[in-house]
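Here's entry.pdb, which has PDB, C-alpha atoms:
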ATOM      1  CA  MET Q   1     103.443  63.882 132.412  1.00  0.00           C
ATOM      2  CA  SER Q   2     102.946  65.962 129.299  1.00  0.00           C
ATOM      3  CA  THR Q   3     101.265  69.342 129.199  1.00  0.00           C
ATOM      4  CA  SER Q   4      99.509  70.966 126.285  1.00  0.00           C
ATOM      5  CA  ALA Q   5      99.636  74.631 125.335  1.00  0.00           C
ATOM      6  CA  VAL Q   6      96.406  76.457 125.981  1.00  0.00           C
ATOM      7  CA  ASP Q   7      95.383  79.488 123.920  1.00  0.00           C
ATOM      8  CA  SER Q   8      94.511  81.860 126.729  1.00  0.00           C
ATOM      9  CA  LYS Q   9      91.189  83.679 126.516  1.00  0.00           C
ATOM     10  CA  THR Q  10      90.857  87.325 127.366  1.00  0.00           C
ATOM     11  CA  VAL Q  11      87.831  89.102 128.752  1.00  0.00           C
ATOM     12  CA  ILE Q  12      88.153  92.191 126.606  1.00  0.00           C
ATOM     13  CA  THR Q  13      86.914  95.523 127.917  1.00  0.00           C
ATOM     14  CA  LEU Q  14      84.926  98.052 125.926  1.00  0.00           C
ATOM     15  CA  LYS Q  15      87.975 100.301 125.730  1.00  0.00           C
ATOM     16  CA  GLY Q  16      90.139  97.416 124.527  1.00  0.00           C
ATOM     17  CA  SER Q  17      87.578  96.477 121.901  1.00  0.00           C
ATOM     18  CA  VAL Q  18      87.382 100.082 120.674  1.00  0.00           C
ATOM     19  CA  ALA Q  19      91.179 100.091 120.241  1.00  0.00           C
ATOM     20  CA  VAL Q  20      91.024  96.874 118.174  1.00  0.00           C
ATOM     21  CA  VAL Q  21      88.175  98.146 115.971  1.00  0.00           C
ATOM     22  CA  SER Q  22      89.814 101.559 115.431  1.00  0.00           C
ATOM     23  CA  GLU Q  23      93.127  99.972 114.456  1.00  0.00           C
ATOM     24  CA  PHE Q  24      91.303  97.694 112.013  1.00  0.00           C
ATOM     25  CA  PHE Q  25      89.477 100.630 110.425  1.00  0.00           C
ATOM     26  CA  PHE Q  26      92.768 102.519 110.025  1.00  0.00           C
ATOM     27  CA  THR Q  27      94.442  99.465 108.452  1.00  0.00           C
ATOM     28  CA  ALA Q  28      91.467  98.704 106.189  1.00  0.00           C
ATOM     29  CA  ILE Q  29      91.250 102.289 104.882  1.00  0.00           C
ATOM     30  CA  ASN Q  30      94.977 102.351 104.129  1.00  0.00           C
ATOM     31  CA  SER Q  31      94.745  98.989 102.355  1.00  0.00           C
ATOM     32  CA  ILE Q  32      91.825 100.165 100.210  1.00  0.00           C
ATOM     33  CA  LEU Q  33      93.607 103.392  99.241  1.00  0.00           C
ATOM     34  CA  TYR Q  34      96.719 101.429  98.260  1.00  0.00           C
ATOM     35  CA  GLN Q  35      95.065  98.489  96.473  1.00  0.00           C
ATOM     36  CA  ARG Q  36      92.653 100.691  94.510  1.00  0.00           C
ATOM     37  CA  GLY Q  37      95.393 103.134  93.498  1.00  0.00           C
ATOM     38  CA  ILE Q  38      93.807 106.197  95.112  1.00  0.00           C
ATOM     39  CA  TYR Q  39      97.282 107.291  96.268  1.00  0.00           C
ATOM     40  CA  GLN Q  40     100.615 106.535  94.611  1.00  0.00           C
ATOM     41  CA  PRO Q  41     102.259 103.298  95.875  1.00  0.00           C
ATOM     42  CA  GLU Q  42     105.491 105.099  96.744  1.00  0.00           C
ATOM     43  CA  THR Q  43     103.609 107.068  99.417  1.00  0.00           C
ATOM     44  CA  PHE Q  44     103.059 103.914 101.488  1.00  0.00           C
ATOM     45  CA  LYS Q  45     105.380 102.017 103.828  1.00  0.00           C
ATOM     46  CA  ARG Q  46     105.309  98.354 104.779  1.00  0.00           C
ATOM     47  CA  GLU Q  47     104.470  97.341 108.339  1.00  0.00           C
ATOM     48  CA  SER Q  48     103.886  94.024 110.091  1.00  0.00           C
ATOM     49  CA  LYS Q  49     100.412  93.673 111.592  1.00  0.00           C
ATOM     50  CA  TYR Q  50      98.011  90.771 112.193  1.00  0.00           C
ATOM     51  CA  GLY Q  51     100.700  88.384 110.982  1.00  0.00           C
ATOM     52  CA  LEU Q  52     100.687  90.141 107.598  1.00  0.00           C
ATOM     53  CA  THR Q  53     102.635  92.834 105.796  1.00  0.00           C
ATOM     54  CA  VAL Q  54     100.285  95.807 105.498  1.00  0.00           C
ATOM     55  CA  LEU Q  55     100.701  99.179 103.780  1.00  0.00           C
ATOM     56  CA  THR Q  56     100.379 102.453 105.698  1.00  0.00           C
ATOM     57  CA  THR Q  57     100.442 105.922 104.171  1.00  0.00           C
ATOM     58  CA  THR Q  58     103.409 108.223 104.698  1.00  0.00           C
ATOM     59  CA  ASP Q  59     101.522 111.210 103.247  1.00  0.00           C
ATOM     60  CA  GLU Q  60     101.481 113.684 106.140  1.00  0.00           C
ATOM     61  CA  GLY Q  61      98.213 115.355 105.169  1.00  0.00           C
ATOM     62  CA  LEU Q  62      96.386 112.049 104.729  1.00  0.00           C
ATOM     63  CA  LEU Q  63      97.855 110.665 107.946  1.00  0.00           C
ATOM     64  CA  ASN Q  64      96.674 113.696 109.937  1.00  0.00           C
ATOM     65  CA  TYR Q  65      93.207 113.429 108.376  1.00  0.00           C
ATOM     66  CA  LEU Q  66      92.888 109.728 109.190  1.00  0.00           C
ATOM     67  CA  ASN Q  67      94.144 110.213 112.742  1.00  0.00           C
ATOM     68  CA  GLN Q  68      91.515 112.919 113.315  1.00  0.00           C
ATOM     69  CA  ILE Q  69      88.796 110.629 111.957  1.00  0.00           C
ATOM     70  CA  MET Q  70      89.953 107.691 114.106  1.00  0.00           C
ATOM     71  CA  SER Q  71      90.056 109.874 117.219  1.00  0.00           C
ATOM     72  CA  GLN Q  72      86.428 110.902 116.734  1.00  0.00           C
ATOM     73  CA  MET Q  73      85.454 107.324 115.839  1.00  0.00           C
ATOM     74  CA  GLU Q  74      86.912 106.094 119.127  1.00  0.00           C
ATOM     75  CA  THR Q  75      84.775 108.584 121.056  1.00  0.00           C
ATOM     76  CA  TRP Q  76      81.626 107.460 119.231  1.00  0.00           C
ATOM     77  CA  LEU Q  77      82.515 103.767 119.612  1.00  0.00           C
ATOM     78  CA  LEU Q  78      82.978 104.201 123.363  1.00  0.00           C
ATOM     79  CA  ASP Q  79      79.503 105.744 123.545  1.00  0.00           C
ATOM     80  CA  GLY Q  80      78.024 103.005 121.335  1.00  0.00           C
ATOM     81  CA  ASP Q  81      77.055 105.532 118.671  1.00  0.00           C
ATOM     82  CA  VAL Q  82      78.681 104.106 115.518  1.00  0.00           C
ATOM     83  CA  GLN Q  83      76.449 102.184 113.115  1.00  0.00           C
ATOM     84  CA  ARG Q  84      78.777 101.878 110.143  1.00  0.00           C
ATOM     85  CA  LEU Q  85      81.828 103.255 108.381  1.00  0.00           C
ATOM     86  CA  VAL Q  86      81.753 103.617 104.594  1.00  0.00           C
ATOM     87  CA  VAL Q  87      84.729 104.301 102.337  1.00  0.00           C
ATOM     88  CA  VAL Q  88      83.407 105.906  99.141  1.00  0.00           C
ATOM     89  CA  VAL Q  89      85.570 105.812  96.006  1.00  0.00           C
ATOM     90  CA  SER Q  90      84.527 108.327  93.342  1.00  0.00           C
ATOM     91  CA  GLY Q  91      85.759 109.192  89.867  1.00  0.00           C
ATOM     92  CA  ILE Q  92      87.311 112.662  89.791  1.00  0.00           C
ATOM     93  CA  ASP Q  93      86.352 113.303  86.155  1.00  0.00           C
ATOM     94  CA  SER Q  94      82.912 111.667  86.112  1.00  0.00           C
ATOM     95  CA  GLY Q  95      81.927 112.505  89.704  1.00  0.00           C
ATOM     96  CA  GLU Q  96      80.350 109.061  89.922  1.00  0.00           C
ATOM     97  CA  THR Q  97      80.512 106.798  92.958  1.00  0.00           C
ATOM     98  CA  LEU Q  98      82.389 103.719  91.768  1.00  0.00           C
ATOM     99  CA  GLU Q  99      82.835 101.728  94.991  1.00  0.00           C
ATOM    100  CA  ARG Q 100      81.398 101.703  98.529  1.00  0.00           C
ATOM    101  CA  TRP Q 101      83.355  99.734 101.131  1.00  0.00           C
ATOM    102  CA  GLN Q 102      80.980  99.281 104.041  1.00  0.00           C
ATOM    103  CA  PHE Q 103      81.814  98.136 107.579  1.00  0.00           C
ATOM    104  CA  ASN Q 104      78.730  97.578 109.755  1.00  0.00           C
ATOM    105  CA  VAL Q 105      79.148  97.766 113.530  1.00  0.00           C
ATOM    106  CA  SER Q 106      77.115  95.681 115.986  1.00  0.00           C
ATOM    107  CA  VAL Q 107      77.414  96.045 119.757  1.00  0.00           C
ATOM    108  CA  GLU Q 108      76.299  93.788 122.595  1.00  0.00           C
ATOM    109  CA  ASP Q 109      74.576  95.626 125.442  1.00  0.00           C
ATOM    110  CA  LYS Q 110      74.900  94.756 129.120  1.00  0.00           C
ATOM    111  CA  GLU Q 111      72.159  92.148 128.846  1.00  0.00           C
ATOM    112  CA  GLY Q 112      73.973  90.435 125.995  1.00  0.00           C
ATOM    113  CA  PHE Q 113      71.506  91.368 123.274  1.00  0.00           C
ATOM    114  CA  ALA Q 114      73.063  92.363 119.952  1.00  0.00           C
ATOM    115  CA  THR Q 115      72.180  95.719 118.470  1.00  0.00           C
ATOM    116  CA  SER Q 116      72.859  95.551 114.737  1.00  0.00           C
ATOM    117  CA  SER Q 117      73.287  98.255 112.115  1.00  0.00           C
ATOM    118  CA  ALA Q 118      73.190  96.004 109.080  1.00  0.00           C
ATOM    119  CA  GLY Q 119      69.715  97.111 108.027  1.00  0.00           C
ATOM    120  CA  ASP Q 120      68.362 100.119 106.207  1.00  0.00           C
ATOM    121  CA  GLU Q 121      70.946 102.890 106.121  1.00  0.00           C
ATOM    122  CA  ASN Q 122      68.202 105.523 106.220  1.00  0.00           C
ATOM    123  CA  SER Q 123      66.998 104.365 109.628  1.00  0.00           C
ATOM    124  CA  ALA Q 124      68.561 105.787 112.752  1.00  0.00           C
ATOM    125  CA  THR Q 125      68.669 104.468 116.295  1.00  0.00           C
ATOM    126  CA  ARG Q 126      67.067 106.928 118.685  1.00  0.00           C
ATOM    127  CA  HIS Q 127      68.995 105.933 121.780  1.00  0.00           C
ATOM    128  CA  ASN Q 128      72.571 105.310 122.749  1.00  0.00           C
ATOM    129  CA  ILE Q 129      73.675 101.731 123.170  1.00  0.00           C
ATOM    130  CA  ALA Q 130      74.571 101.013 126.776  1.00  0.00           C
ATOM    131  CA  PRO Q 131      78.358 100.813 127.324  1.00  0.00           C
ATOM    132  CA  VAL Q 132      79.757  97.345 127.827  1.00  0.00           C
ATOM    133  CA  SER Q 133      82.186  96.875 130.695  1.00  0.00           C
ATOM    134  CA  LYS Q 134      83.230  93.381 129.668  1.00  0.00           C
ATOM    135  CA  ALA Q 135      82.250  90.534 127.389  1.00  0.00           C
ATOM    136  CA  LYS Q 136      80.538  87.461 128.775  1.00  0.00           C
ATOM    137  CA  MET Q 137      82.626  85.062 126.715  1.00  0.00           C
ATOM    138  CA  GLY Q 138      86.380  85.427 126.449  1.00  0.00           C
ATOM    139  CA  LYS Q 139      88.207  85.427 123.141  1.00  0.00           C
ATOM    140  CA  SER Q 140      91.950  85.420 122.574  1.00  0.00           C
ATOM    141  CA  ILE Q 141      93.680  88.298 120.787  1.00  0.00           C
ATOM    142  CA  LYS Q 142      95.145  85.723 118.383  1.00  0.00           C
ATOM    143  CA  GLU Q 143      91.643  84.585 117.393  1.00  0.00           C
ATOM    144  CA  ILE Q 144      90.562  88.183 116.804  1.00  0.00           C
ATOM    145  CA  HIS Q 145      93.680  88.945 114.749  1.00  0.00           C
ATOM    146  CA  ASN Q 146      93.161  85.800 112.649  1.00  0.00           C
ATOM    147  CA  GLU Q 147      89.651  86.978 111.757  1.00  0.00           C
ATOM    148  CA  ILE Q 148      90.925  90.478 110.913  1.00  0.00           C
ATOM    149  CA  GLN Q 149      93.732  88.941 108.861  1.00  0.00           C
ATOM    150  CA  ALA Q 150      91.153  87.208 106.647  1.00  0.00           C
ATOM    151  CA  ILE Q 151      89.425  90.538 105.881  1.00  0.00           C
ATOM    152  CA  VAL Q 152      92.714  92.313 105.114  1.00  0.00           C
ATOM    153  CA  ARG Q 153      93.630  89.454 102.754  1.00  0.00           C
ATOM    154  CA  GLN Q 154      90.312  89.936 100.947  1.00  0.00           C
ATOM    155  CA  ILE Q 155      90.956  93.655 100.545  1.00  0.00           C
ATOM    156  CA  THR Q 156      94.418  92.835  99.172  1.00  0.00           C
ATOM    157  CA  ALA Q 157      92.838  90.381  96.713  1.00  0.00           C
ATOM    158  CA  SER Q 158      90.191  92.912  95.627  1.00  0.00           C
ATOM    159  CA  VAL Q 159      92.098  93.688  92.422  1.00  0.00           C
ATOM    160  CA  THR Q 160      91.153  90.191  91.229  1.00  0.00           C
ATOM    161  CA  PHE Q 161      87.374  90.615  91.542  1.00  0.00           C
ATOM    162  CA  LEU Q 162      86.695  94.358  91.265  1.00  0.00           C
ATOM    163  CA  PRO Q 163      86.520  96.230  87.926  1.00  0.00           C
ATOM    164  CA  LEU Q 164      89.465  98.393  86.962  1.00  0.00           C
ATOM    165  CA  LEU Q 165      89.189 102.031  87.941  1.00  0.00           C
ATOM    166  CA  ASN Q 166      89.648 103.724  84.574  1.00  0.00           C
ATOM    167  CA  GLU Q 167      89.934 107.292  85.839  1.00  0.00           C
ATOM    168  CA  PRO Q 168      91.712 109.127  88.677  1.00  0.00           C
ATOM    169  CA  CYS Q 169      89.743 108.654  91.891  1.00  0.00           C
ATOM    170  CA  SER Q 170      89.256 110.319  95.247  1.00  0.00           C
ATOM    171  CA  PHE Q 171      87.735 108.989  98.449  1.00  0.00           C
ATOM    172  CA  ASP Q 172      85.395 110.127 101.213  1.00  0.00           C
ATOM    173  CA  LEU Q 173      84.655 108.621 104.611  1.00  0.00           C
ATOM    174  CA  LEU Q 174      81.025 108.412 105.761  1.00  0.00           C
ATOM    175  CA  VAL Q 175      80.283 107.578 109.398  1.00  0.00           C
ATOM    176  CA  TYR Q 176      76.718 106.605 110.288  1.00  0.00           C
ATOM    177  CA  THR Q 177      75.852 107.348 113.922  1.00  0.00           C
ATOM    178  CA  ASN Q 178      72.863 107.191 116.225  1.00  0.00           C
ATOM    179  CA  GLN Q 179      70.704 110.318 116.370  1.00  0.00           C
ATOM    180  CA  ALA Q 180      71.848 110.995 119.925  1.00  0.00           C
ATOM    181  CA  ALA Q 181      75.531 111.169 118.927  1.00  0.00           C
ATOM    182  CA  VAL Q 182      77.302 114.487 119.535  1.00  0.00           C
ATOM    183  CA  VAL Q 183      78.663 115.567 116.139  1.00  0.00           C
ATOM    184  CA  PRO Q 184      81.481 118.161 115.946  1.00  0.00           C
ATOM    185  CA  LYS Q 185      80.578 121.308 113.995  1.00  0.00           C
ATOM    186  CA  LYS Q 186      83.314 120.685 111.398  1.00  0.00           C
ATOM    187  CA  TRP Q 187      81.611 117.430 110.353  1.00  0.00           C
ATOM    188  CA  GLU Q 188      79.088 117.745 107.526  1.00  0.00           C
ATOM    189  CA  GLU Q 189      76.033 115.705 106.650  1.00  0.00           C
ATOM    190  CA  SER Q 190      76.301 113.817 103.369  1.00  0.00           C
ATOM    191  CA  ASP Q 191      74.058 111.870 101.053  1.00  0.00           C
ATOM    192  CA  PRO Q 192      74.668 108.089 101.106  1.00  0.00           C
ATOM    193  CA  ARG Q 193      76.509 108.143  97.771  1.00  0.00           C
ATOM    194  CA  TYR Q 194      74.716 105.009  96.589  1.00  0.00           C
ATOM    195  CA  ILE Q 195      75.612 103.261  93.315  1.00  0.00           C
ATOM    196  CA  MET Q 196      72.529 102.771  91.138  1.00  0.00           C
ATOM    197  CA  ASN Q 197      73.759  99.980  88.846  1.00  0.00           C
ATOM    198  CA  SER Q 198      75.799  97.952  91.289  1.00  0.00           C
ATOM    199  CA  GLN Q 199      76.923  94.559  92.509  1.00  0.00           C
ATOM    200  CA  GLU Q 200      77.708  93.651  96.128  1.00  0.00           C
ATOM    201  CA  VAL Q 201      80.510  91.382  97.318  1.00  0.00           C
ATOM    202  CA  LYS Q 202      80.215  90.116 100.880  1.00  0.00           C
ATOM    203  CA  LEU Q 203      83.490  90.025 102.809  1.00  0.00           C
ATOM    204  CA  ARG Q 204      84.440  88.310 106.077  1.00  0.00           C
ATOM    205  CA  SER Q 205      83.465  89.548 109.533  1.00  0.00           C
ATOM    206  CA  PHE Q 206      85.198  89.620 112.889  1.00  0.00           C
ATOM    207  CA  THR Q 207      84.137  89.967 116.498  1.00  0.00           C
ATOM    208  CA  THR Q 208      85.917  91.025 119.667  1.00  0.00           C
ATOM    209  CA  SER Q 209      83.034  89.635 121.789  1.00  0.00           C
ATOM    210  CA  VAL Q 210      82.068  93.280 122.378  1.00  0.00           C
ATOM    211  CA  HIS Q 211      81.914  94.578 118.786  1.00  0.00           C
ATOM    212  CA  LYS Q 212      81.144  92.703 115.588  1.00  0.00           C
ATOM    213  CA  ILE Q 213      82.215  94.124 112.231  1.00  0.00           C
ATOM    214  CA  ASP Q 214      80.556  92.919 109.017  1.00  0.00           C
ATOM    215  CA  SER Q 215      82.278  93.926 105.783  1.00  0.00           C
ATOM    216  CA  MET Q 216      81.176  94.263 102.175  1.00  0.00           C
ATOM    217  CA  VAL Q 217      82.049  96.165  99.022  1.00  0.00           C
ATOM    218  CA  THR Q 218      79.611  97.428  96.402  1.00  0.00           C
ATOM    219  CA  HIS Q 219      80.924  98.381  92.966  1.00  0.00           C
ATOM    220  CA  LYS Q 220      79.528  99.936  89.825  1.00  0.00           C
ATOM    221  CA  VAL Q 221      78.616  97.513  87.066  1.00  0.00           C
ATOM    222  CA  ALA Q 222      79.585  98.794  83.632  1.00  0.00           C
ATOM    223  CA  ASP Q 223      76.733  99.551  81.239  1.00  0.00           C
ATOM    224  CA  GLU Q 224      76.655  97.499  78.052  1.00  0.00           C
ATOM    225  CA  TRP Q 225      77.790 100.437  75.943  1.00  0.00           C
ATOM    226  CA  GLU Q 226      80.819 100.853  78.207  1.00  0.00           C
ATOM    227  CA  LEU Q 227      82.012  97.252  77.714  1.00  0.00           C
TER     228      LEU Q 227
END
Translate this structure into structure tokens?
Amino acid sequence: MSTSAVDSKTVITLKGSVAVVSEFFFTAINSILYQRGIYQPETFKRESKYGLTVLTTTDEGLLNYLNQIMSQMETWLLDGDVQRLVVVVSGIDSGETLERWQFNVSVEDKEGFATSSAGDENSATRHNIAPVSKAKMGKSIKEIHNEIQAIVRQITASVTFLPLLNEPCSFDLLVYTNQAAVVPKKWEESDPRYIMNSQEVKLRSFTTSVHKIDSMVTHKVADEWEL
């Protein structure tokens, strides 16, 4: 009698989902900084993650900064307060916003209804999303990692569809939260850093059955006189 292998499903907890989402954000930010040349390539090391080789910064200052951001993000994610994370790439000389990498966060509440943040960025939710103790439908870690892998591959391939960055660039991280979120004093409010003449490229999404992350990148379209 033959038996077949079964891909086991996991009922992921809120805390487990937060860990997955935070690790993805950390990996995605590092990949963007490497692929878009924000930091020198020699300041990154290769690691194996999601069945891929990914690049992680070895710059101590940047690493400390990102770890602080991820720590606060985990707190907000546990409370259901995160609406989206945006990685803003700006020209140092021009001061212009050249790219906005946006990751929208949706959460399922205890009744299973999805609360989405994909709409108007100027709107704010006035209440906290109820914490989720477990997902109603199980999903294997392998399935989740396969979905994340597809997004990381798209970030890696971004050099093929995004315009060249013709000046030295810096980056900022914007975190959109619900109005009820407790914000540390050292965090500052920022304008959205929109790109006026822009084009949007929709990327893949992934879900843990507790959180869903939708990804996209918006880039500046060169004016005719710049071509």
May I ask for the distance between CA of Leu174 in chain Q and CA of Val105 in chain Q, given in Å to one decimal place?
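Rounded to one decimal, the two atoms are 13.3 Å apart.
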What is the CA of Leu162 in chain Q-CA of Ile148 in chain Q distance in Å, reported with one decimal?
20.5 Å
Take CA of Val86 in chain Q and CA of Leu164 in chain Q and report the distance between them in Å, one decimal.
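Value for the CA of Val86 in chain Q-CA of Leu164 in chain Q distance: 19.9 Å.
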Applying the PyMOL selection byres ((chain Q and resi 149) around 10) to the file I just gave you, which residues come out? Please list them as JSON, numbers by chain.
{"Q": [24, 49, 50, 51, 52, 143, 144, 145, 146, 147, 148, 150, 151, 152, 153, 154, 155, 204, 206]}
Assuming the chain letters and numbering stay as they are in my file, what does the PyMOL selection byres ((chain Q and resi 193-195) around 12) actually select? List them as a tab-separated table (two decimals) with C-alpha atoms, in the coordinates of the input.
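Just written: result_2.tsv:
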chain	number	residue	atom	x	y	z
Q	86	VAL	CA	81.75	103.62	104.59
Q	87	VAL	CA	84.73	104.30	102.34
Q	88	VAL	CA	83.41	105.91	99.14
Q	89	VAL	CA	85.57	105.81	96.01
Q	90	SER	CA	84.53	108.33	93.34
Q	95	GLY	CA	81.93	112.50	89.70
Q	96	GLU	CA	80.35	109.06	89.92
Q	97	THR	CA	80.51	106.80	92.96
Q	98	LEU	CA	82.39	103.72	91.77
Q	99	GLU	CA	82.84	101.73	94.99
Q	100	ARG	CA	81.40	101.70	98.53
Q	101	TRP	CA	83.36	99.73	101.13
Q	102	GLN	CA	80.98	99.28	104.04
Q	121	GLU	CA	70.95	102.89	106.12
Q	122	ASN	CA	68.20	105.52	106.22
Q	171	PHE	CA	87.74	108.99	98.45
Q	172	ASP	CA	85.40	110.13	101.21
Q	173	LEU	CA	84.66	108.62	104.61
Q	174	LEU	CA	81.03	108.41	105.76
Q	189	GLU	CA	76.03	115.70	106.65
Q	190	SER	CA	76.30	113.82	103.37
Q	191	ASP	CA	74.06	111.87	101.05
Q	192	PRO	CA	74.67	108.09	101.11
Q	196	MET	CA	72.53	102.77	91.14
Q	197	ASN	CA	73.76	99.98	88.85
Q	198	SER	CA	75.80	97.95	91.29
Q	199	GLN	CA	76.92	94.56	92.51
Q	200	GLU	CA	77.71	93.65	96.13
Q	217	VAL	CA	82.05	96.16	99.02
Q	218	THR	CA	79.61	97.43	96.40
Q	219	HIS	CA	80.92	98.38	92.97
Q	220	LYS	CA	79.53	99.94	89.82
Q	221	VAL	CA	78.62	97.51	87.07
Q	222	ALA	CA	79.58	98.79	83.63
Quick check on the file I pasted: which residues fall under the PyMOL selection byres ((chain Q and resi 38-48) around 9)? Write them as number ranges by chain.
Q: 30, 32-37, 49-59, 89, 168-171
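Minimum distance to Met216 in chain Q across Q:Tyr65, Q:Phe161, Q:Phe103, Q:Phe25 (counting only C-alpha atoms) occurs at Q:Phe103.
Closest approach to Met73 in chain Q from the set Q:Gly16, Q:Val175, Q:Ser94, Q:Val11 is made by Q:Val175, with distances taken over all atoms listed in the file.
Using only C-alpha atoms, the shortest contact distance between Lys212 in chain Q and any of Q:Ser106, Q:Asn64, Q:Gln72, Q:Thr13 is found at Q:Ser106.
The residue that comes closest to Ser158 in chain Q, out of Q:Ser31, Q:Gln179, Q:Ser205, Q:Gln68 and on the basis of all atoms listed in the file, is Q:Ser31.
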Residue contacts of Glu74 in chain Q (9 Å, all atoms listed in the file) excluding same-chain residues fewer than 3 positions away, as an NGL selection string
:Q and (15 or 18-19 or 21-22 or 69-71 or 77-79)
Those same residues - C-alpha atoms - I'd like them written as a short mmCIF file (atom, residue, chain, number, x, y, z; two decimals), keeping the file's coordinate frame.
data_model
loop_
_atom_site.label_atom_id
_atom_site.label_comp_id
_atom_site.auth_asym_id
_atom_site.auth_seq_id
_atom_site.Cartn_x
_atom_site.Cartn_y
_atom_site.Cartn_z
CA LYS Q 15 87.98 100.30 125.73
CA VAL Q 18 87.38 100.08 120.67
CA ALA Q 19 91.18 100.09 120.24
CA VAL Q 21 88.18 98.15 115.97
CA SER Q 22 89.81 101.56 115.43
CA ILE Q 69 88.80 110.63 111.96
CA MET Q 70 89.95 107.69 114.11
CA SER Q 71 90.06 109.87 117.22
CA LEU Q 77 82.52 103.77 119.61
CA LEU Q 78 82.98 104.20 123.36
CA ASP Q 79 79.50 105.74 123.54
#
Have range 10-24 of chain Q completed to N, CA and C atoms, please, and pass it along as a short mmCIF file (atom, residue, chain, number, x, y, z; two decimals), keeping the file's coordinate frame.
data_model
loop_
_atom_site.label_atom_id
_atom_site.label_comp_id
_atom_site.auth_asym_id
_atom_site.auth_seq_id
_atom_site.Cartn_x
_atom_site.Cartn_y
_atom_site.Cartn_z
N THR Q 10 90.81 86.03 126.71
CA THR Q 10 90.86 87.32 127.37
C THR Q 10 89.45 87.90 127.45
N VAL Q 11 89.08 88.37 128.62
CA VAL Q 11 87.83 89.10 128.75
C VAL Q 11 88.13 90.54 128.36
N ILE Q 12 87.78 90.89 127.14
CA ILE Q 12 88.15 92.19 126.61
C ILE Q 12 87.20 93.27 127.11
N THR Q 13 87.74 94.41 127.46
CA THR Q 13 86.91 95.52 127.92
C THR Q 13 86.39 96.31 126.73
N LEU Q 14 85.43 97.18 126.98
CA LEU Q 14 84.93 98.05 125.93
C LEU Q 14 86.05 98.89 125.34
N LYS Q 15 86.88 99.46 126.20
CA LYS Q 15 87.98 100.30 125.73
C LYS Q 15 88.96 99.50 124.88
N GLY Q 16 89.24 98.27 125.30
CA GLY Q 16 90.14 97.42 124.53
C GLY Q 16 89.55 97.06 123.18
N SER Q 17 88.25 96.80 123.16
CA SER Q 17 87.58 96.48 121.90
C SER Q 17 87.58 97.66 120.95
N VAL Q 18 87.36 98.86 121.49
CA VAL Q 18 87.38 100.08 120.67
C VAL Q 18 88.75 100.25 120.03
N ALA Q 19 89.82 99.97 120.78
CA ALA Q 19 91.18 100.09 120.24
C ALA Q 19 91.39 99.12 119.08
N VAL Q 20 90.89 97.88 119.23
CA VAL Q 20 91.02 96.87 118.17
C VAL Q 20 90.26 97.30 116.92
N VAL Q 21 89.01 97.75 117.10
CA VAL Q 21 88.18 98.15 115.97
C VAL Q 21 88.76 99.37 115.26
N SER Q 22 89.23 100.35 116.03
CA SER Q 22 89.81 101.56 115.43
C SER Q 22 91.06 101.23 114.62
N GLU Q 23 91.92 100.36 115.17
CA GLU Q 23 93.13 99.97 114.46
C GLU Q 23 92.78 99.23 113.17
N PHE Q 24 91.74 98.39 113.22
CA PHE Q 24 91.30 97.69 112.01
C PHE Q 24 90.82 98.68 110.96
#
